[in-house]
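target.cif follows; it contains mmCIF, C-alpha atoms and all ligand atoms.
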```cif
data_model
loop_
_atom_site.group_PDB
_atom_site.id
_atom_site.type_symbol
_atom_site.label_atom_id
_atom_site.label_comp_id
_atom_site.auth_asym_id
_atom_site.auth_seq_id
_atom_site.Cartn_x
_atom_site.Cartn_y
_atom_site.Cartn_z
ATOM 1 C CA MET E 672 -40.545 34.101 56.256
ATOM 2 C CA ILE E 673 -41.565 35.935 53.125
ATOM 3 C CA VAL E 674 -45.151 37.199 53.163
ATOM 4 C CA SER E 675 -46.679 39.539 50.575
ATOM 5 C CA SER E 676 -47.438 43.061 51.731
ATOM 6 C CA LYS E 677 -50.917 42.506 50.257
ATOM 7 C CA ILE E 678 -51.527 40.270 53.284
ATOM 8 C CA LEU E 679 -49.477 42.371 55.725
ATOM 9 C CA LEU E 680 -51.257 45.620 54.896
ATOM 10 C CA LYS E 681 -54.730 44.075 54.763
ATOM 11 C CA LYS E 682 -54.224 42.864 58.320
ATOM 12 C CA ALA E 683 -52.780 46.237 59.348
ATOM 13 C CA GLN E 684 -55.785 48.017 57.842
ATOM 14 C CA GLU E 685 -58.258 45.768 59.643
ATOM 15 C CA ARG E 686 -56.495 46.039 62.999
ATOM 16 C CA LYS E 687 -55.452 49.701 62.673
ATOM 17 C CA TYR E 688 -51.684 49.659 62.882
ATOM 18 C CA ALA E 689 -48.979 50.420 60.324
ATOM 19 C CA VAL E 690 -46.198 48.215 59.008
ATOM 20 C CA GLY E 691 -42.805 49.928 58.911
ATOM 21 C CA ALA E 692 -41.046 49.949 55.547
ATOM 22 C CA PHE E 693 -37.349 50.427 56.238
ATOM 23 C CA ASN E 694 -34.767 51.258 53.577
ATOM 24 C CA THR E 695 -31.517 49.337 53.411
ATOM 25 C CA SER E 696 -28.373 49.484 51.320
ATOM 26 C CA ASP E 697 -26.044 47.147 53.178
ATOM 27 C CA LEU E 698 -25.638 44.155 55.446
ATOM 28 C CA GLU E 699 -25.536 45.951 58.818
ATOM 29 C CA ILE E 700 -28.680 47.981 58.129
ATOM 30 C CA THR E 701 -30.481 44.850 56.987
ATOM 31 C CA LYS E 702 -29.388 42.883 60.048
ATOM 32 C CA GLY E 703 -30.437 45.707 62.385
ATOM 33 C CA ILE E 704 -33.891 45.957 60.778
ATOM 34 C CA VAL E 705 -34.551 42.222 60.763
ATOM 35 C CA LEU E 706 -33.340 41.742 64.348
ATOM 36 C CA ALA E 707 -35.584 44.575 65.534
ATOM 37 C CA GLY E 708 -38.562 42.975 63.775
ATOM 38 C CA GLU E 709 -37.805 39.620 65.367
ATOM 39 C CA GLU E 710 -37.361 41.029 68.848
ATOM 40 C CA MET E 711 -40.584 43.025 68.605
ATOM 41 C CA LYS E 712 -42.459 40.179 66.860
ATOM 42 C CA SER E 713 -43.442 42.616 64.138
ATOM 43 C CA PRO E 714 -43.995 42.228 60.406
ATOM 44 C CA ILE E 715 -41.447 44.195 58.378
ATOM 45 C CA ILE E 716 -41.105 45.609 54.878
ATOM 46 C CA LEU E 717 -37.492 45.696 53.735
ATOM 47 C CA GLN E 718 -37.087 48.112 50.871
ATOM 48 C CA THR E 719 -34.465 49.432 48.504
ATOM 49 C CA SER E 720 -34.536 52.535 46.345
ATOM 50 C CA GLU E 721 -32.788 52.524 42.962
ATOM 51 C CA GLY E 722 -29.609 54.076 44.443
ATOM 52 C CA GLU E 723 -29.573 51.624 47.329
ATOM 53 C CA ILE E 724 -29.943 48.629 45.003
ATOM 54 C CA LYS E 725 -27.048 49.836 42.854
ATOM 55 C CA HIS E 726 -24.866 50.298 45.926
ATOM 56 C CA GLY E 727 -25.857 46.891 47.296
ATOM 57 C CA GLY E 728 -25.086 45.060 44.062
ATOM 58 C CA MET E 729 -28.392 44.580 42.236
ATOM 59 C CA GLU E 730 -29.325 40.834 42.082
ATOM 60 C CA VAL E 731 -26.624 39.945 44.621
ATOM 61 C CA PHE E 732 -28.124 42.343 47.149
ATOM 62 C CA PHE E 733 -31.636 41.118 46.446
ATOM 63 C CA ASP E 734 -30.463 37.539 47.109
ATOM 64 C CA THR E 735 -29.046 38.699 50.454
ATOM 65 C CA LEU E 736 -32.336 40.344 51.419
ATOM 66 C CA LYS E 737 -34.248 37.274 50.311
ATOM 67 C CA SER E 738 -32.096 34.999 52.491
ATOM 68 C CA PHE E 739 -32.672 37.248 55.505
ATOM 69 C CA ALA E 740 -36.404 37.334 54.838
ATOM 70 C CA GLU E 741 -36.678 33.560 54.387
ATOM 71 C CA GLU E 742 -34.731 32.832 57.562
ATOM 72 C CA ALA E 743 -36.517 35.435 59.710
ATOM 73 C CA SER E 744 -39.021 34.385 62.361
ATOM 74 C CA VAL E 745 -41.342 37.250 61.364
ATOM 75 C CA PRO E 746 -43.168 37.987 58.078
ATOM 76 C CA ILE E 747 -41.074 40.093 55.697
ATOM 77 C CA ASN E 748 -41.947 41.620 52.318
ATOM 78 C CA ILE E 749 -39.202 42.902 49.987
ATOM 79 C CA ASN E 750 -40.225 46.090 48.194
ATOM 80 C CA LEU E 751 -38.762 48.241 45.422
ATOM 81 C CA ASP E 752 -39.024 51.792 46.747
ATOM 82 C CA HIS E 753 -39.536 54.723 44.332
ATOM 83 C CA GLY E 754 -39.170 52.824 41.066
ATOM 84 C CA LYS E 755 -38.954 55.589 38.471
ATOM 85 C CA SER E 756 -39.620 53.633 35.275
ATOM 86 C CA PHE E 757 -41.464 50.597 33.927
ATOM 87 C CA GLU E 758 -38.063 49.018 33.178
ATOM 88 C CA MET E 759 -36.855 49.353 36.786
ATOM 89 C CA CYS E 760 -40.088 47.880 38.123
ATOM 90 C CA LYS E 761 -39.902 45.030 35.595
ATOM 91 C CA TRP E 762 -36.341 44.304 36.678
ATOM 92 C CA ALA E 763 -37.476 44.109 40.330
ATOM 93 C CA ILE E 764 -40.497 41.930 39.520
ATOM 94 C CA ASP E 765 -38.400 39.560 37.387
ATOM 95 C CA THR E 766 -35.723 39.446 40.099
ATOM 96 C CA GLY E 767 -38.219 38.338 42.749
ATOM 97 C CA TYR E 768 -39.323 41.430 44.686
ATOM 98 C CA ASN E 769 -42.711 40.871 46.373
ATOM 99 C CA SER E 770 -43.899 44.411 45.732
ATOM 100 C CA VAL E 771 -42.862 47.462 43.747
ATOM 101 C CA MET E 772 -43.557 51.147 44.025
ATOM 102 C CA ILE E 773 -43.897 53.013 40.765
ATOM 103 C CA ASP E 774 -43.372 56.686 41.466
ATOM 104 C CA GLY E 775 -44.952 58.724 38.697
ATOM 105 C CA SER E 776 -45.807 61.565 41.071
ATOM 106 C CA LYS E 777 -43.768 64.111 39.117
ATOM 107 C CA LEU E 778 -45.808 63.416 35.979
ATOM 108 C CA GLU E 779 -49.094 65.025 35.106
ATOM 109 C CA LEU E 780 -52.088 62.922 36.171
ATOM 110 C CA ALA E 781 -52.864 61.181 32.848
ATOM 111 C CA LYS E 782 -49.199 60.202 32.345
ATOM 112 C CA ASN E 783 -48.915 59.003 35.951
ATOM 113 C CA ILE E 784 -52.023 56.855 35.420
ATOM 114 C CA GLU E 785 -50.651 55.439 32.168
ATOM 115 C CA LEU E 786 -47.256 54.553 33.654
ATOM 116 C CA THR E 787 -48.703 53.147 36.880
ATOM 117 C CA LYS E 788 -51.250 51.023 35.009
ATOM 118 C CA SER E 789 -48.558 49.527 32.781
ATOM 119 C CA VAL E 790 -46.625 48.454 35.903
ATOM 120 C CA VAL E 791 -49.777 47.139 37.609
ATOM 121 C CA ASP E 792 -50.691 45.020 34.567
ATOM 122 C CA TYR E 793 -47.241 43.425 34.427
ATOM 123 C CA ALA E 794 -46.890 43.050 38.218
ATOM 124 C CA HIS E 795 -50.298 41.478 38.728
ATOM 125 C CA SER E 796 -49.605 38.937 35.967
ATOM 126 C CA LYS E 797 -46.661 37.803 38.150
ATOM 127 C CA ASP E 798 -48.509 38.008 41.494
ATOM 128 C CA VAL E 799 -46.615 41.086 42.613
ATOM 129 C CA VAL E 800 -48.381 44.028 44.251
ATOM 130 C CA VAL E 801 -47.917 47.702 43.398
ATOM 131 C CA GLU E 802 -47.816 50.997 45.277
ATOM 132 C CA GLY E 803 -48.515 54.193 43.340
ATOM 133 C CA GLU E 804 -48.206 57.815 44.365
ATOM 134 C CA ILE E 805 -50.308 60.827 43.715
ATOM 135 C CA GLY E 806 -49.510 64.288 44.987
ATOM 136 C CA LEU E 807 -45.821 64.864 45.512
ATOM 137 C CA VAL E 808 -43.678 64.095 48.548
ATOM 138 C CA PRO E 809 -40.714 66.411 47.912
ATOM 139 C CA THR E 810 -37.108 65.871 48.981
ATOM 140 C CA PRO E 811 -35.866 69.300 50.144
ATOM 141 C CA LYS E 812 -32.221 69.998 50.944
ATOM 142 C CA LYS E 813 -31.592 70.643 54.660
ATOM 143 C CA GLY E 814 -33.274 73.901 55.730
ATOM 144 C CA GLU E 815 -34.693 74.557 52.244
ATOM 145 C CA ASP E 816 -38.278 75.743 51.720
ATOM 146 C CA VAL E 817 -40.222 73.582 49.279
ATOM 147 C CA GLU E 818 -43.608 73.739 47.742
ATOM 148 C CA ILE E 819 -45.645 70.751 48.884
ATOM 149 C CA LEU E 820 -48.077 69.431 46.324
ATOM 150 C CA LYS E 821 -50.719 67.706 48.405
ATOM 151 C CA THR E 822 -52.895 64.867 47.108
ATOM 152 C CA ASN E 823 -56.193 65.905 45.582
ATOM 153 C CA PRO E 824 -58.848 63.411 46.839
ATOM 154 C CA LYS E 825 -60.796 63.437 43.541
ATOM 155 C CA GLU E 826 -57.631 62.712 41.577
ATOM 156 C CA ALA E 827 -56.699 60.006 44.083
ATOM 157 C CA GLU E 828 -60.071 58.320 43.573
ATOM 158 C CA ARG E 829 -59.663 58.381 39.789
ATOM 159 C CA PHE E 830 -56.028 57.241 40.001
ATOM 160 C CA VAL E 831 -56.900 54.170 42.086
ATOM 161 C CA LYS E 832 -59.868 53.249 39.896
ATOM 162 C CA GLU E 833 -58.041 53.597 36.583
ATOM 163 C CA THR E 834 -54.709 52.027 37.573
ATOM 164 C CA GLY E 835 -55.800 49.166 39.848
ATOM 165 C CA VAL E 836 -52.932 49.876 42.282
ATOM 166 C CA ASP E 837 -52.882 47.960 45.554
ATOM 167 C CA PHE E 838 -51.591 50.742 47.841
ATOM 168 C CA LEU E 839 -51.555 54.509 47.555
ATOM 169 C CA ALA E 840 -48.821 56.875 48.780
ATOM 170 C CA VAL E 841 -50.252 60.264 49.660
ATOM 171 C CA GLY E 842 -48.924 63.786 50.085
ATOM 172 C CA ILE E 843 -50.470 65.373 53.180
ATOM 173 C CA GLY E 844 -47.668 67.753 54.142
ATOM 174 C CA ASN E 845 -45.055 65.025 54.569
ATOM 175 C CA VAL E 846 -41.585 65.429 53.024
ATOM 176 C CA HIS E 847 -38.554 63.181 52.547
ATOM 177 C CA GLY E 848 -35.483 63.805 54.678
ATOM 178 C CA THR E 849 -35.271 66.597 57.205
ATOM 179 C CA TYR E 850 -38.257 68.833 57.974
ATOM 180 C CA LYS E 851 -37.739 72.564 58.187
ATOM 181 C CA GLY E 852 -39.491 73.362 61.454
ATOM 182 C CA GLU E 853 -42.254 71.137 62.757
ATOM 183 C CA PRO E 854 -43.951 68.787 60.254
ATOM 184 C CA LYS E 855 -47.569 69.814 59.688
ATOM 185 C CA LEU E 856 -49.595 66.856 58.513
ATOM 186 C CA ASP E 857 -52.992 67.695 57.052
ATOM 187 C CA PHE E 858 -55.214 65.223 58.891
ATOM 188 C CA GLY E 859 -58.409 66.714 57.430
ATOM 189 C CA LEU E 860 -57.102 65.931 53.949
ATOM 190 C CA LEU E 861 -56.135 62.421 55.013
ATOM 191 C CA GLN E 862 -59.727 61.863 56.177
ATOM 192 C CA GLU E 863 -61.071 63.143 52.859
ATOM 193 C CA ILE E 864 -58.787 60.799 50.917
ATOM 194 C CA LYS E 865 -59.754 57.886 53.138
ATOM 195 C CA ARG E 866 -63.431 58.533 52.407
ATOM 196 C CA VAL E 867 -62.944 57.954 48.686
ATOM 197 C CA VAL E 868 -60.060 55.459 48.596
ATOM 198 C CA SER E 869 -60.451 52.054 50.231
ATOM 199 C CA ILE E 870 -57.000 50.540 49.545
ATOM 200 C CA PRO E 871 -54.250 50.836 52.213
ATOM 201 C CA LEU E 872 -52.634 54.286 52.358
ATOM 202 C CA VAL E 873 -48.885 54.857 52.632
ATOM 203 C CA LEU E 874 -46.978 57.649 54.361
ATOM 204 C CA HIS E 875 -43.546 58.472 52.943
ATOM 205 C CA GLY E 876 -41.058 60.660 54.797
ATOM 206 C CA GLY E 877 -41.647 58.881 58.113
ATOM 207 C CA SER E 878 -38.477 60.314 59.707
ATOM 208 C CA GLY E 879 -38.825 63.297 62.008
ATOM 209 C CA ILE E 880 -42.594 63.086 62.574
ATOM 210 C CA SER E 881 -43.682 63.012 66.229
ATOM 211 C CA GLY E 882 -45.047 59.808 67.707
ATOM 212 C CA GLU E 883 -48.317 61.568 68.380
ATOM 213 C CA ASP E 884 -48.778 62.626 64.742
ATOM 214 C CA ILE E 885 -47.794 59.184 63.498
ATOM 215 C CA LYS E 886 -50.367 57.546 65.769
ATOM 216 C CA LYS E 887 -53.036 59.952 64.554
ATOM 217 C CA ALA E 888 -52.165 59.252 60.904
ATOM 218 C CA VAL E 889 -52.389 55.512 61.594
ATOM 219 C CA SER E 890 -55.774 55.930 63.293
ATOM 220 C CA LEU E 891 -56.964 57.737 60.137
ATOM 221 C CA GLY E 892 -55.945 54.998 57.711
ATOM 222 C CA ILE E 893 -52.171 54.995 57.134
ATOM 223 C CA CYS E 894 -51.093 51.326 56.958
ATOM 224 C CA LYS E 895 -47.464 51.548 55.757
ATOM 225 C CA ILE E 896 -44.858 54.078 56.864
ATOM 226 C CA ASN E 897 -41.546 54.543 55.072
ATOM 227 C CA VAL E 898 -38.474 55.371 57.131
ATOM 228 C CA ASN E 899 -35.019 56.045 55.773
ATOM 229 C CA THR E 900 -33.344 59.283 56.939
ATOM 230 C CA GLU E 901 -33.389 58.395 60.650
ATOM 231 C CA LEU E 902 -31.652 55.116 59.805
ATOM 232 C CA ARG E 903 -29.047 56.882 57.687
ATOM 233 C CA GLU E 904 -28.408 59.403 60.469
ATOM 234 C CA ALA E 905 -28.049 56.639 63.068
ATOM 235 C CA PHE E 906 -25.667 54.801 60.729
ATOM 236 C CA THR E 907 -23.306 57.695 60.006
ATOM 237 C CA LYS E 908 -23.359 59.205 63.504
ATOM 238 C CA THR E 909 -22.560 55.860 65.137
ATOM 239 C CA LEU E 910 -19.910 54.994 62.569
ATOM 240 C CA ARG E 911 -18.099 58.288 63.191
ATOM 241 C CA GLU E 912 -18.073 57.543 66.933
ATOM 242 C CA SER E 913 -17.032 53.966 66.389
ATOM 243 C CA LEU E 914 -14.044 54.990 64.255
ATOM 244 C CA LYS E 915 -12.696 57.332 66.942
ATOM 245 C CA ASP E 916 -11.085 54.427 68.791
ATOM 246 C CA GLU E 917 -8.046 53.803 66.622
ATOM 247 C CA ASP E 918 -7.287 50.514 68.368
ATOM 248 C CA VAL E 919 -10.450 49.004 66.931
ATOM 249 C CA VAL E 920 -9.441 47.700 63.510
ATOM 250 C CA LYS E 921 -11.667 44.704 62.835
ATOM 251 C CA PRO E 922 -14.435 45.806 60.468
ATOM 252 C CA TYR E 923 -17.007 43.756 62.369
ATOM 253 C CA ASP E 924 -16.022 45.425 65.641
ATOM 254 C CA VAL E 925 -16.388 48.843 63.997
ATOM 255 C CA MET E 926 -19.753 47.923 62.539
ATOM 256 C CA GLU E 927 -21.362 46.211 65.515
ATOM 257 C CA PRO E 928 -22.470 49.481 67.205
ATOM 258 C CA VAL E 929 -23.866 50.634 63.863
ATOM 259 C CA GLU E 930 -26.053 47.568 63.619
ATOM 260 C CA GLU E 931 -27.230 48.108 67.200
ATOM 261 C CA ALA E 932 -28.052 51.760 66.487
ATOM 262 C CA ILE E 933 -30.197 50.759 63.503
ATOM 263 C CA GLU E 934 -31.951 48.135 65.581
ATOM 264 C CA LYS E 935 -32.778 50.726 68.241
ATOM 265 C CA VAL E 936 -34.327 53.180 65.759
ATOM 266 C CA VAL E 937 -36.414 50.436 64.146
ATOM 267 C CA LYS E 938 -37.650 49.109 67.498
ATOM 268 C CA ASN E 939 -38.783 52.596 68.466
ATOM 269 C CA LYS E 940 -40.663 53.011 65.209
ATOM 270 C CA ILE E 941 -42.325 49.620 65.547
ATOM 271 C CA ALA E 942 -43.535 50.582 69.030
ATOM 272 C CA ILE E 943 -45.060 53.805 67.653
ATOM 273 C CA PHE E 944 -46.549 52.166 64.539
ATOM 274 C CA GLY E 945 -48.334 49.595 66.748
ATOM 275 C CA SER E 946 -47.087 46.575 64.794
ATOM 276 C CA ALA E 947 -45.369 44.788 67.723
ATOM 277 C CA ASN E 948 -46.755 41.329 68.486
ATOM 278 C CA LYS E 949 -48.799 41.304 65.255
ATOM 279 C CA ILE E 950 -47.231 38.291 63.513
HETATM 280 O O1 LIG E 1001 -39.341 56.106 50.514
HETATM 281 C C1 LIG E 1001 -38.699 56.313 51.558
HETATM 282 C C2 LIG E 1001 -39.160 57.247 52.527
HETATM 283 O O2 LIG E 1001 -40.259 57.957 52.148
HETATM 284 C C3 LIG E 1001 -38.307 57.664 53.635
HETATM 285 O O3 LIG E 1001 -38.453 59.009 54.025
HETATM 286 O O4 LIG E 1001 -36.086 59.443 54.541
HETATM 287 O O5 LIG E 1001 -37.849 60.979 55.291
HETATM 288 O O6 LIG E 1001 -37.650 58.758 56.337
HETATM 289 P P1 LIG E 1001 -37.457 59.580 55.122
HETATM 290 ZN ZN ZN E 1002 -40.419 57.931 49.858
#
```

Could you rewrite the structure in this file as structure tokens?
Ligand code: G3H
Ligand code: ZN
Amino acid sequence: MIVSSKILLKKAQERKYAVGAFNTSDLEITKGIVLAGEEMKSPIILQTSEGEIKHGGMEVFFDTLKSFAEEASVPININLDHGKSFEMCKWAIDTGYNSVMIDGSKLELAKNIELTKSVVDYAHSKDVVVEGEIGLVPTPKKGEDVEILKTNPKEAERFVKETGVDFLAVGIGNVHGTYKGEPKLDFGLLQEIKRVVSIPLVLHGGSGISGEDIKKAVSLGICKINVNTELREAFTKTLRESLKDEDVVKPYDVMEPVEEAIEKVVKNKIAIFGSANKI
């Protein structure tokens, strides 16, 4: 069933768990995510970045996700992940997405506020909720050193007040993709942000963070955790294995282990996020 993340994250915030937001770009990934949610009786956020939507087929892919969400026995919200422009967010809202993320984190504060507010105004007029980002969650290449621009709590407070966003993605040492060395989340900063921002907080770059750190982040106010890289790695690694048997030629026989691998990763995450049996 489709349920807005406004409701899903409010419940998560009250009961101190996080809802997993899992990226998808095709049928097998989607099936694996939804099955995992159903088996764990967990709410789910299915999300697509701009590249994933283009690969999936724009409206056609959205319709597929919507069918899965409607048929599912657990609550599912469909989210646009990292929308980069007002136009992209408008497309998603008009197409039927339940929530959109407008990512103006590379802009200077005033411009980020202006862009985010324009999306919030349009989205709210259509009953769609919005996630904004302040601070910068970088996407380093494997092994590369990157400068992490952490969220400034004062700026976060102003950003939320002036934009009216529903959820806030924060930079507390988290990065997208693969971490160089051990991830070092700044829990003190997360506490400071939480003191001045009351809306649900979002952690991007959920792959590669230890279960212990994730649980701590959730206990300190993270209500939504985005996971993509671990799904992509499970997909490609399993597909390579699956293709080794040259006698297997039916596409659905090749892809079945891939779907199972995705399901396994998602079930593990759900167990760590604490969202099992919360429907
Ligand atoms: O928006 C998507 C995510 O932040 C995923 O990050 O690929 O590091 O898991 P990840
Ligand atoms: Zn992200």

Near Val771 in chain E, counting only C-alpha atoms, which residues have an atom at most 7 Å away, once you skip same-chain residues fewer than 4 positions from it, shown as a PDB file with C-alpha atoms, in the coordinates of the input?
```pdb
ATOM      1  CA  ASN E 750     -40.225  46.090  48.194  1.00  0.00           C
ATOM      2  CA  LEU E 751     -38.762  48.241  45.422  1.00  0.00           C
ATOM      3  CA  ASP E 752     -39.024  51.792  46.747  1.00  0.00           C
ATOM      4  CA  CYS E 760     -40.088  47.880  38.123  1.00  0.00           C
ATOM      5  CA  VAL E 800     -48.381  44.028  44.251  1.00  0.00           C
ATOM      6  CA  VAL E 801     -47.917  47.702  43.398  1.00  0.00           C
ATOM      7  CA  GLU E 802     -47.816  50.997  45.277  1.00  0.00           C
TER       8      GLU E 802
END
```

Please expand the PyMOL selection byres (((not hetatm)) within 7 of (chain E and resi 1001)) into the concrete residues it hits in this file, giving the result as a list in words.
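After applying the PyMOL selection byres (((not hetatm)) within 7 of (chain E and resi 1001)), what remains is Asn694, Asp752, His753, Val846, His847, Gly848, Thr849, His875, Gly876, Gly877, Ser878, Asn897, Val898, Asn899, Thr900 and Glu901 of chain E.
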
Run the PyMOL selection byres (((chain E and resi 940) around 12) and not hetatm) mentally over the shown coordinates, then write out the matched residues as a count of residues only, using the chain letters and numbers from the document.
42

Pick out the residues sitting within 12 Å of Ser913 in chain E, and hand them over as number ranges by chain; count only C-alpha atoms, and ignore anything fewer than 4 positions along from it in its own chain.
E: 905-909, 917-932

Please enumerate the residues selected by the PyMOL selection byres (((chain E and resi 732-743) around 12) and not hetatm) when evaluated against the supplied file, formatted as a PDB file with C-alpha atoms, keeping the file's coordinate frame.
```
ATOM      1  CA  MET E 672     -40.545  34.101  56.256  1.00  0.00           C
ATOM      2  CA  ILE E 673     -41.565  35.935  53.125  1.00  0.00           C
ATOM      3  CA  VAL E 674     -45.151  37.199  53.163  1.00  0.00           C
ATOM      4  CA  SER E 675     -46.679  39.539  50.575  1.00  0.00           C
ATOM      5  CA  ASN E 694     -34.767  51.258  53.577  1.00  0.00           C
ATOM      6  CA  THR E 695     -31.517  49.337  53.411  1.00  0.00           C
ATOM      7  CA  SER E 696     -28.373  49.484  51.320  1.00  0.00           C
ATOM      8  CA  ASP E 697     -26.044  47.147  53.178  1.00  0.00           C
ATOM      9  CA  LEU E 698     -25.638  44.155  55.446  1.00  0.00           C
ATOM     10  CA  GLU E 699     -25.536  45.951  58.818  1.00  0.00           C
ATOM     11  CA  ILE E 700     -28.680  47.981  58.129  1.00  0.00           C
ATOM     12  CA  THR E 701     -30.481  44.850  56.987  1.00  0.00           C
ATOM     13  CA  LYS E 702     -29.388  42.883  60.048  1.00  0.00           C
ATOM     14  CA  GLY E 703     -30.437  45.707  62.385  1.00  0.00           C
ATOM     15  CA  ILE E 704     -33.891  45.957  60.778  1.00  0.00           C
ATOM     16  CA  VAL E 705     -34.551  42.222  60.763  1.00  0.00           C
ATOM     17  CA  LEU E 706     -33.340  41.742  64.348  1.00  0.00           C
ATOM     18  CA  ALA E 707     -35.584  44.575  65.534  1.00  0.00           C
ATOM     19  CA  GLY E 708     -38.562  42.975  63.775  1.00  0.00           C
ATOM     20  CA  GLU E 709     -37.805  39.620  65.367  1.00  0.00           C
ATOM     21  CA  GLU E 710     -37.361  41.029  68.848  1.00  0.00           C
ATOM     22  CA  LYS E 712     -42.459  40.179  66.860  1.00  0.00           C
ATOM     23  CA  SER E 713     -43.442  42.616  64.138  1.00  0.00           C
ATOM     24  CA  PRO E 714     -43.995  42.228  60.406  1.00  0.00           C
ATOM     25  CA  ILE E 715     -41.447  44.195  58.378  1.00  0.00           C
ATOM     26  CA  ILE E 716     -41.105  45.609  54.878  1.00  0.00           C
ATOM     27  CA  LEU E 717     -37.492  45.696  53.735  1.00  0.00           C
ATOM     28  CA  GLN E 718     -37.087  48.112  50.871  1.00  0.00           C
ATOM     29  CA  THR E 719     -34.465  49.432  48.504  1.00  0.00           C
ATOM     30  CA  SER E 720     -34.536  52.535  46.345  1.00  0.00           C
ATOM     31  CA  GLU E 721     -32.788  52.524  42.962  1.00  0.00           C
ATOM     32  CA  GLU E 723     -29.573  51.624  47.329  1.00  0.00           C
ATOM     33  CA  ILE E 724     -29.943  48.629  45.003  1.00  0.00           C
ATOM     34  CA  LYS E 725     -27.048  49.836  42.854  1.00  0.00           C
ATOM     35  CA  HIS E 726     -24.866  50.298  45.926  1.00  0.00           C
ATOM     36  CA  GLY E 727     -25.857  46.891  47.296  1.00  0.00           C
ATOM     37  CA  GLY E 728     -25.086  45.060  44.062  1.00  0.00           C
ATOM     38  CA  MET E 729     -28.392  44.580  42.236  1.00  0.00           C
ATOM     39  CA  GLU E 730     -29.325  40.834  42.082  1.00  0.00           C
ATOM     40  CA  VAL E 731     -26.624  39.945  44.621  1.00  0.00           C
ATOM     41  CA  SER E 744     -39.021  34.385  62.361  1.00  0.00           C
ATOM     42  CA  VAL E 745     -41.342  37.250  61.364  1.00  0.00           C
ATOM     43  CA  PRO E 746     -43.168  37.987  58.078  1.00  0.00           C
ATOM     44  CA  ILE E 747     -41.074  40.093  55.697  1.00  0.00           C
ATOM     45  CA  ASN E 748     -41.947  41.620  52.318  1.00  0.00           C
ATOM     46  CA  ILE E 749     -39.202  42.902  49.987  1.00  0.00           C
ATOM     47  CA  ASN E 750     -40.225  46.090  48.194  1.00  0.00           C
ATOM     48  CA  LEU E 751     -38.762  48.241  45.422  1.00  0.00           C
ATOM     49  CA  TRP E 762     -36.341  44.304  36.678  1.00  0.00           C
ATOM     50  CA  ALA E 763     -37.476  44.109  40.330  1.00  0.00           C
ATOM     51  CA  ILE E 764     -40.497  41.930  39.520  1.00  0.00           C
ATOM     52  CA  ASP E 765     -38.400  39.560  37.387  1.00  0.00           C
ATOM     53  CA  THR E 766     -35.723  39.446  40.099  1.00  0.00           C
ATOM     54  CA  GLY E 767     -38.219  38.338  42.749  1.00  0.00           C
ATOM     55  CA  TYR E 768     -39.323  41.430  44.686  1.00  0.00           C
ATOM     56  CA  ASN E 769     -42.711  40.871  46.373  1.00  0.00           C
ATOM     57  CA  ILE E 950     -47.231  38.291  63.513  1.00  0.00           C
TER      58      ILE E 950
END
```

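Of the listed residues (E:Ile773, E:Ile893, E:Val841, E:Val831), E:Ile773 comes nearest to Tyr793 in chain E; the distances count only C-alpha atoms.
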
As a list in words, please: the residues near Ile805 in chain E (cut-off 9 Å, only C-alpha atoms, same-chain neighbours under 3 positions excluded).
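Contacts, with the query itself left out: Asp774, Gly775, Ser776, Lys777, Leu780, Asn783, Val808, Lys821, Thr822, Asn823, Glu826, Ala827, Phe830, Leu839, Ala840, Val841 and Gly842 of chain E.
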
Given the choices E:Ala888, E:Leu860, E:Ile784, E:Met772, which gets closest to ligand ZN 1002 (chain E) if the distance is worked out from only C-alpha atoms and all ligand atoms?
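The answer is E:Met772, which sits nearest to ligand ZN 1002 (chain E).
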